[in-house]
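Student: Provided below: entry_4.cif, containing mmCIF, C-alpha atoms.
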```cif
data_run
#
loop_
_atom_site.label_atom_id
_atom_site.label_comp_id
_atom_site.auth_asym_id
_atom_site.auth_seq_id
_atom_site.Cartn_x
_atom_site.Cartn_y
_atom_site.Cartn_z
CA MET R 505 20.16 30.94 59.63
CA THR R 506 22.65 29.51 62.13
CA PRO R 507 26.33 30.58 61.95
CA LYS R 508 27.35 27.18 60.59
CA THR R 509 24.72 27.15 57.85
CA GLN R 510 25.87 28.77 54.62
CA LYS R 511 24.68 29.26 51.08
CA TYR R 512 26.74 27.91 48.19
CA LYS R 513 26.38 28.14 44.43
CA PHE R 514 27.69 25.48 42.04
CA HIS R 515 27.58 24.92 38.31
CA VAL R 516 25.75 21.76 37.20
CA HIS R 517 27.40 19.78 34.41
CA GLY R 518 25.06 17.68 32.29
CA MET R 519 21.90 19.75 32.79
CA HIS R 520 19.78 20.11 29.65
CA CYS R 521 16.04 20.28 30.45
CA GLY R 522 13.39 20.96 33.09
CA ALA R 523 13.59 17.40 34.38
CA CYS R 524 17.25 17.99 35.27
CA VAL R 525 16.14 20.81 37.55
CA LEU R 526 13.69 18.51 39.33
CA ILE R 527 16.18 15.65 39.73
CA THR R 528 19.00 17.81 41.10
CA GLU R 529 16.64 19.45 43.58
CA SER R 530 15.14 16.10 44.59
CA GLU R 531 18.45 14.26 45.07
CA LEU R 532 20.27 17.07 46.86
CA GLY R 533 17.25 18.06 48.95
CA ASP R 534 17.17 14.57 50.50
CA LEU R 535 20.67 14.92 51.96
CA PRO R 536 20.68 15.37 55.78
CA ASN R 537 23.05 18.35 55.81
CA VAL R 538 21.14 20.28 53.12
CA SER R 539 18.28 22.56 54.18
CA HIS R 540 17.39 24.23 50.88
CA VAL R 541 18.05 23.63 47.17
CA ARG R 542 17.17 25.70 44.12
CA SER R 543 18.30 24.73 40.62
CA SER R 544 18.24 26.95 37.55
CA LEU R 545 18.14 25.86 33.93
CA ASP R 546 18.89 29.42 32.76
CA ASN R 547 22.53 29.28 33.87
CA HIS R 548 22.87 25.55 34.70
CA SER R 549 23.50 26.21 38.37
CA VAL R 550 22.24 25.19 41.80
CA GLU R 551 22.08 27.17 45.03
CA ILE R 552 22.41 25.08 48.18
CA THR R 553 21.95 26.07 51.80
CA GLY R 554 23.39 23.69 54.35
CA ASN R 555 25.91 22.85 57.02
CA PHE R 556 29.07 21.21 55.68
CA GLY R 557 31.38 21.95 58.61
CA ASN R 558 34.87 23.08 57.62
CA LYS R 559 34.89 21.50 54.18
CA THR R 560 36.11 23.56 51.24
CA GLN R 561 33.78 24.35 48.36
CA GLU R 562 35.67 21.88 46.16
CA GLU R 563 35.11 19.13 48.75
CA ILE R 564 31.43 20.05 49.06
CA ALA R 565 30.99 19.94 45.28
CA GLU R 566 32.61 16.50 45.15
CA GLU R 567 30.43 15.22 48.00
CA LEU R 568 27.22 16.54 46.47
CA SER R 569 28.10 15.07 43.07
CA VAL R 570 27.92 11.50 44.43
CA PRO R 571 24.08 11.17 44.42
CA LEU R 572 23.90 13.02 41.09
CA LYS R 573 26.36 10.90 39.10
CA PRO R 574 23.89 8.01 38.46
CA HIS R 575 21.71 10.58 36.68
CA GLY R 576 24.60 11.97 34.61
CA TYR R 577 25.21 15.20 36.55
CA SER R 578 28.09 16.62 38.56
CA LEU R 579 28.80 19.86 40.42
CA SER R 580 31.75 22.17 39.91
CA LEU R 581 32.96 25.64 40.81
CA LYS R 582 33.71 26.25 37.14
CA LYS R 583 31.08 26.72 34.48
CA GLU R 584 30.75 23.88 32.00
CA ILE R 585 32.17 24.84 28.62
CA THR R 586 30.58 22.89 25.79
CA LYS R 587 32.27 23.06 22.41
CA LYS R 588 30.05 22.99 19.36
CA ASP R 589 31.45 20.40 16.99
CA TRP R 590 30.13 21.52 13.62
CA SER R 591 32.08 18.76 11.88
CA GLU R 592 29.56 16.26 13.22
CA PHE R 593 27.01 17.69 10.79
CA LYS R 594 29.11 16.31 7.91
CA VAL R 595 27.93 12.87 8.96
CA ALA R 596 24.62 13.79 10.60
CA VAL R 597 23.05 15.68 7.66
CA PRO R 598 23.54 13.03 4.94
CA THR R 599 22.59 10.26 7.38
CA ALA R 600 19.36 12.01 8.37
CA LEU R 601 18.50 12.78 4.75
CA ALA R 602 19.16 9.14 3.83
CA PHE R 603 16.72 7.98 6.52
CA ALA R 604 14.15 10.57 5.40
CA LEU R 605 14.52 9.39 1.79
CA LEU R 606 14.13 5.78 2.91
CA PHE R 607 10.90 6.68 4.77
CA PHE R 608 9.63 8.46 1.65
CA VAL R 609 10.42 5.54 -0.69
CA LEU R 610 8.90 2.92 1.66
CA GLN R 611 5.84 5.15 2.07
CA LYS R 612 5.44 5.46 -1.70
CA LEU R 613 5.79 1.70 -2.10
CA GLY R 614 3.11 1.16 0.52
CA LEU R 615 5.41 -0.96 2.71
CA ILE R 616 5.03 1.30 5.74
CA ASN R 617 2.59 3.94 6.82
CA LEU R 618 4.66 6.19 9.05
CA ILE R 619 3.18 9.49 7.98
CA GLN R 620 -0.14 10.76 6.73
CA ALA R 621 -1.25 14.23 5.84
CA ARG R 622 -3.82 14.61 8.59
CA THR R 623 -2.84 12.23 11.38
CA VAL R 624 0.05 10.93 13.41
CA THR R 625 0.03 7.22 12.66
CA TYR R 626 0.99 4.49 15.12
CA GLY R 627 4.13 3.98 13.06
CA THR R 628 5.05 7.63 13.54
CA ALA R 629 4.41 7.39 17.29
CA PHE R 630 6.59 4.27 17.46
CA ALA R 631 9.40 5.98 15.51
CA ILE R 632 9.22 9.05 17.76
CA GLY R 633 9.38 6.69 20.75
CA ILE R 634 12.62 5.20 19.42
CA VAL R 635 14.17 8.65 19.00
CA ALA R 636 12.92 9.73 22.43
CA SER R 637 14.40 6.65 24.13
CA LEU R 638 17.84 7.55 22.81
CA SER R 639 17.60 11.26 23.57
CA THR R 640 18.80 13.20 26.58
CA CYS R 641 15.11 13.76 27.34
CA MET R 642 14.50 10.06 28.06
CA ALA R 643 17.80 9.91 29.98
CA VAL R 644 15.75 11.17 32.92
CA VAL R 645 13.63 8.01 32.84
CA GLY R 646 16.76 5.91 32.36
CA GLY R 647 18.39 7.55 35.38
CA LEU R 648 15.35 6.85 37.54
CA LEU R 649 15.30 3.26 36.32
CA LEU R 650 18.98 2.74 37.14
CA SER R 651 18.60 4.34 40.56
CA MET R 652 15.58 2.19 41.42
CA SER R 653 17.23 -0.94 40.02
CA ALA R 654 20.33 -0.40 42.15
CA THR R 655 18.19 -0.10 45.28
CA PHE R 656 16.42 -3.40 44.70
CA ALA R 657 19.56 -5.16 43.41
CA ARG R 658 21.25 -4.55 46.76
CA GLU R 659 18.47 -6.60 48.31
CA GLY R 660 18.98 -9.41 45.79
CA ASP R 661 15.87 -8.68 43.70
CA LYS R 662 16.98 -7.86 40.15
CA LEU R 663 14.49 -9.19 37.60
CA LYS R 664 11.07 -8.64 39.15
CA PRO R 665 11.41 -4.83 39.65
CA GLN R 666 12.49 -4.44 36.01
CA LEU R 667 9.49 -6.37 34.72
CA MET R 668 7.11 -4.46 36.97
CA PHE R 669 8.53 -1.11 35.82
CA HIS R 670 8.16 -1.86 32.13
CA ALA R 671 4.73 -3.45 32.56
CA GLY R 672 3.53 -0.44 34.57
CA ARG R 673 4.91 1.96 31.98
CA ILE R 674 3.45 0.24 28.91
CA VAL R 675 0.01 -0.49 30.40
CA SER R 676 -0.33 2.97 31.95
CA PHE R 677 0.61 4.70 28.70
CA PHE R 678 -2.23 2.86 26.95
CA ILE R 679 -4.80 3.54 29.71
CA LEU R 680 -3.82 7.15 30.40
CA GLY R 681 -3.49 7.84 26.67
CA GLY R 682 -7.01 6.51 26.29
CA VAL R 683 -8.20 8.77 29.10
CA ILE R 684 -6.68 11.79 27.36
CA GLY R 685 -8.39 10.72 24.12
CA SER R 686 -11.71 10.39 25.95
CA ILE R 687 -11.28 13.87 27.43
CA GLY R 688 -10.82 15.14 23.89
CA SER R 689 -14.10 13.51 22.88
CA ALA R 690 -15.94 15.75 25.34
CA PHE R 691 -15.10 18.72 23.13
CA THR R 692 -16.16 19.38 19.59
CA LEU R 693 -13.01 20.82 18.10
CA SER R 694 -13.48 23.46 15.45
CA ALA R 695 -11.25 23.47 12.39
CA PHE R 696 -9.24 26.29 13.94
CA ALA R 697 -8.84 24.37 17.24
CA THR R 698 -7.67 21.27 15.36
CA PHE R 699 -5.24 23.43 13.41
CA SER R 700 -3.95 25.05 16.63
CA LEU R 701 -3.33 21.73 18.36
CA SER R 702 -1.68 20.23 15.28
CA LEU R 703 0.50 23.31 14.94
CA ALA R 704 1.40 23.11 18.64
CA ILE R 705 2.54 19.48 18.20
CA GLY R 706 4.75 20.55 15.32
CA VAL R 707 6.23 23.46 17.27
CA VAL R 708 6.96 21.24 20.31
CA MET R 709 8.72 18.71 18.09
CA LEU R 710 10.64 21.49 16.35
CA ILE R 711 11.93 22.71 19.74
CA LEU R 712 12.88 19.15 20.67
CA GLY R 713 14.77 18.74 17.41
CA LEU R 714 16.65 22.01 17.96
CA ASN R 715 17.59 20.83 21.46
CA LEU R 716 18.96 17.57 20.07
CA LEU R 717 21.24 19.53 17.73
CA ASP R 718 22.89 21.00 20.84
CA ILE R 719 23.88 24.25 19.15
CA PHE R 720 21.07 26.55 20.33
CA PRO R 721 21.25 27.04 24.15
CA TRP R 722 18.12 29.22 24.09
CA ALA R 723 16.03 26.27 22.86
CA GLU R 724 16.32 24.59 26.28
CA LYS R 725 14.21 27.34 27.85
CA LEU R 726 11.45 26.93 25.27
CA GLN R 727 10.92 23.23 25.90
CA PRO R 728 7.51 22.68 27.56
CA SER R 729 7.15 20.60 30.70
CA MET R 730 4.57 19.25 33.09
CA PRO R 731 3.62 21.45 36.06
CA LYS R 732 6.52 21.27 38.50
CA PHE R 733 4.42 20.06 41.44
CA LEU R 734 3.08 17.13 39.40
CA SER R 735 6.49 16.08 38.08
CA LYS R 736 7.99 16.44 41.54
CA HIS R 737 5.44 14.01 43.00
CA ALA R 738 6.19 11.59 40.15
CA LEU R 739 9.89 11.68 41.06
CA THR R 740 9.13 11.23 44.77
CA ILE R 741 7.51 7.84 44.08
CA SER R 742 10.90 6.43 43.03
CA LYS R 743 12.23 7.10 46.54
CA PHE R 744 9.85 4.59 48.16
CA ASN R 745 11.37 1.18 48.87
CA HIS R 746 8.19 -0.83 48.58
CA ALA R 747 7.30 -3.94 46.58
CA LEU R 748 5.00 -1.90 44.32
CA THR R 749 7.47 0.96 43.80
CA PRO R 750 8.72 -0.25 40.36
CA LEU R 751 5.14 -0.48 39.10
CA LEU R 752 4.33 3.00 40.41
CA VAL R 753 7.52 4.48 38.95
CA GLY R 754 6.63 3.01 35.57
CA ILE R 755 3.20 4.67 35.76
CA ALA R 756 4.71 7.94 37.00
CA THR R 757 6.94 8.28 33.92
CA PHE R 758 3.81 9.29 32.02
CA PHE R 759 3.90 12.57 33.99
CA LEU R 760 7.62 13.33 33.81
CA PRO R 761 8.68 16.41 31.80
CA CYS R 762 9.67 14.88 28.46
CA GLY R 763 8.75 16.94 25.41
CA PHE R 764 8.41 13.87 23.18
CA THR R 765 5.89 12.33 25.58
CA GLN R 766 3.98 15.60 25.81
CA SER R 767 3.78 16.02 22.03
CA MET R 768 2.19 12.55 21.80
CA GLN R 769 -0.14 13.34 24.70
CA LEU R 770 -1.23 16.49 22.90
CA TYR R 771 -1.99 14.48 19.77
CA ALA R 772 -3.88 11.88 21.82
CA LEU R 773 -6.12 14.71 22.99
CA THR R 774 -7.00 15.59 19.39
CA THR R 775 -8.11 12.01 18.59
CA GLY R 776 -11.23 12.31 20.75
CA ASP R 777 -11.28 8.54 21.14
CA PHE R 778 -10.15 6.22 23.98
CA LEU R 779 -8.83 3.45 21.73
CA THR R 780 -6.99 5.72 19.28
CA GLY R 781 -5.47 7.83 22.05
CA GLY R 782 -4.50 4.72 24.01
CA LEU R 783 -2.96 2.94 21.01
CA THR R 784 -1.01 6.09 20.06
CA MET R 785 0.58 6.31 23.51
CA LEU R 786 1.08 2.53 23.55
CA ALA R 787 2.96 2.69 20.23
CA PHE R 788 5.12 5.48 21.62
CA ALA R 789 5.85 3.51 24.82
CA LEU R 790 6.72 0.39 22.80
CA GLY R 791 9.14 2.51 20.76
CA THR R 792 10.96 3.49 23.97
CA PHE R 793 10.96 -0.05 25.35
CA PRO R 794 13.99 -1.67 23.61
CA VAL R 795 16.51 0.94 24.78
CA LEU R 796 15.01 1.25 28.26
CA ALA R 797 15.16 -2.55 28.54
CA LEU R 798 18.85 -2.42 27.62
CA VAL R 799 19.33 0.30 30.23
CA SER R 800 17.68 -2.02 32.76
CA PHE R 801 20.03 -4.90 32.22
CA SER R 802 23.24 -3.45 30.80
CA SER R 803 23.38 0.24 31.80
CA LEU R 804 23.57 1.24 28.13
CA SER R 805 24.26 4.93 27.69
CA ILE R 806 24.47 6.37 24.20
CA LYS R 807 24.80 9.79 25.77
CA ASN R 808 28.31 8.92 26.97
CA SER R 809 29.50 7.21 23.80
CA GLU R 810 32.04 8.81 21.45
CA LYS R 811 29.51 9.04 18.62
CA SER R 812 26.76 10.58 20.75
CA GLY R 813 27.14 14.00 19.10
CA VAL R 814 26.62 12.58 15.61
CA PHE R 815 23.70 10.46 16.77
CA PHE R 816 21.85 13.30 18.53
CA LYS R 817 22.36 15.67 15.59
CA THR R 818 21.06 13.01 13.18
CA ALA R 819 18.04 12.39 15.42
CA GLY R 820 17.53 16.14 15.80
CA ILE R 821 17.43 16.69 12.03
CA LEU R 822 14.92 13.83 11.62
CA VAL R 823 12.71 15.24 14.40
CA ILE R 824 12.88 18.69 12.77
CA LEU R 825 11.81 17.15 9.44
CA PHE R 826 8.87 15.43 11.17
CA ALA R 827 8.00 18.75 12.82
CA LEU R 828 8.12 20.74 9.58
CA PHE R 829 6.00 18.08 7.86
CA ASN R 830 3.41 18.42 10.63
CA ILE R 831 3.47 22.24 10.59
CA ILE R 832 3.12 22.41 6.78
CA ASN R 833 0.19 19.99 6.79
CA SER R 834 -1.45 21.97 9.59
CA LEU R 835 -1.37 24.99 7.29
CA VAL R 836 -2.83 22.82 4.49
CA ILE R 837 -5.70 21.63 6.72
CA ILE R 838 -6.72 25.18 7.60
CA GLY R 839 -6.51 26.16 3.92
CA LEU R 840 -3.70 28.69 4.26
CA ILE R 841 -1.52 26.92 1.69
CA PRO R 842 -2.20 24.32 -1.04
CA PRO R 843 -1.21 20.66 -0.44
CA VAL R 844 2.56 20.22 -0.52
CA PHE R 845 2.93 16.50 0.10
CA ASN R 846 0.86 13.83 -1.56
CA PHE R 847 1.12 10.70 0.61
#
```
Mind turning this structure into structure tokens?
Tutor:
Amino acid sequence: MTPKTQKYKFHVHGMHCGACVLITESELGDLPNVSHVRSSLDNHSVEITGNFGNKTQEEIAEELSVPLKPHGYSLSLKKEITKKDWSEFKVAVPTALAFALLFFVLQKLGLINLIQARTVTYGTAFAIGIVASLSTCMAVVGGLLLSMSATFAREGDKLKPQLMFHAGRIVSFFILGGVIGSIGSAFTLSAFATFSLSLAIGVVMLILGLNLLDIFPWAEKLQPSMPKFLSKHALTISKFNHALTPLLVGIATFFLPCGFTQSMQLYALTTGDFLTGGLTMLAFALGTFPVLALVSFSSLSIKNSEKSGVFFKTAGILVILFALFNIINSLVIIGLIPPVFNF
């Protein structure tokens, strides 16, 4: 270590999942005066080794925040203090229960088929996609999309990259979902294995729902993610300034650490069928499309809106209800408890 190279530690504001760790490390690691970066989700911090001349730590934090701001992050010497607004539950709980009651009534009337006792329907996958697209989890994809869009917009190419990104994302989710389904067909799952996978899907969704409530900091550490090396390569693709980059970035989002995506991938594995697995992931991708399309062309950000807390808590309660439904029916399938729901 040269005399001018020093190690600094900053608090990261806006960090909430494993993908945030990857993005902060990727963006800061590309800076010419930074030699090493290590982010931590445990305490929402980042350690940086680099040469910043005679700048103060406040000036360094401000400089390093510039490439992070498009992704919703910033650095500070002070730890981020997040206040839990319990009053938001006064609106979130009845709203979520109203939506759940609406699903139940429409299901009973046979107008929709969102949920079944033994399977995740395409309607369920689509609904989960909608929730995922508005969550902080999918904000990672939105941040990548905005970053890539800005790069191509500076060169005067605005529409084509957007279309390529969304086409790559939707088509790849169908194909790769089908591949996962085909892999599942190579195994003859026992009743216990089917129960275990179904239970795992429910647990993953339960953790995601708890994270959306934003009142349990420990839930962030439980959220599963893709292997870091795989997700890191997926992020690296967005750095390339090539005509095919938007298409490749769209494909790469299949491998980014989003718990909602992974819960659907896990279910696709249990289908044991290319078409069913592919259509499940396609339905999920189509559910995320409307909001990501708005992000593409209008920089929509529910995360920064005044009502974001109420929205995320409402979505969190709905996801938890979906998760509990799945967990209970997993116990029914294995015969541990009698049928609870009769859809």
Student: Write out as a PyMOL selection string each polymer residue whose atoms come within 12 Å of Val823 of chain R, counting all atoms listed in the file; drop sequence neighbours fewer than 3 positions from it.
Tutor: chain R and resi 600-601+603-604+628-629+631-636+639+705-717+763-764+767+816-820+826-830
Student: Just give me the gap between atom CA of Glu584 of chain R and atom CA of Tyr512 of chain R in Å, one decimal is fine.
Tutor: 17.2 Å
Student: Here's a test: counting all atoms listed in the file, identify every protein, DNA and RNA residue with an atom at most 10 Å from (21.6, 29.4, 54.1) in the file's coordinate frame, and state them as a list in words.
Tutor: Met505, Thr506, Pro507, Lys508, Thr509, Gln510, Lys511, Tyr512, Val538, Ser539, His540, Val541, Glu551, Ile552, Thr553, Gly554 and Asn555 of chain R
Student: Which residue, R:Met768, R:Leu703, R:Ile719, R:Val675, has the smallest gap to Asn833 of chain R when you use only C-alpha atoms?
Tutor: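 Answer, going by the shortest atom-to-atom distance: R:Leu703.
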Student: To one decimal place, how far is atom CA of Lys573 of chain R from atom CA of Leu545 of chain R in Å?
Tutor: 17.8 Å
Student: Go through R:Gly627, R:Gly776, R:Pro750, R:Pro571 and flag the residue nearest Thr528 of chain R, using only C-alpha atoms for the distances.
Tutor: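 Ranked by minimum distance to Thr528 of chain R, first place goes to R:Pro571.
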Student: Considering only C-alpha atoms, can you say which of R:Leu796, R:Val814, R:Phe758, R:Pro842 comes closest to Thr599 of chain R?
Tutor: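 Looking at the shortest contact to Thr599 of chain R, the residue is R:Val814.
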Student: Between R:Gly518, R:Gly672, R:Pro794, R:Gly557, which one has atoms that come closest to Ser637 of chain R, using only C-alpha atoms?
Tutor: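 Under the stated criterion, the closest residue is R:Pro794.
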Student: For a quick check of understanding, using all atoms listed in the file, which of R:Ser834, R:Ala602, R:Thr775, R:Arg542 has the smallest distance to Phe699 of chain R?
Tutor: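 Selected residue with least distance to Phe699 of chain R: R:Ser834.
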Student: Rank R:Phe793, R:Phe514, R:Tyr771, R:Tyr577 by their smallest atom-to-atom distance to Ser549 of chain R, using all atoms listed in the file, and report the top residue only.
Tutor: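 Smallest separation from Ser549 of chain R among the options: R:Phe514.
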Student: Which neighbours of Thr757 of chain R fall inside 8 Å, counting all atoms listed in the file, when residues of the same chain fewer than 3 positions from it are skipped, and could you give them as a list of chain:residue names?
Tutor: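 Those residues are R:Val645, R:Arg673, R:Ala738, R:Val753, R:Gly754, R:Leu760.
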Student: Just give me the gap between atom CA of Ile674 of chain R and atom CA of Leu786 of chain R in Å, one decimal is fine.
Tutor: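 Calculated distance between atom CA of Ile674 of chain R and atom CA of Leu786 of chain R is 6.3 Å.
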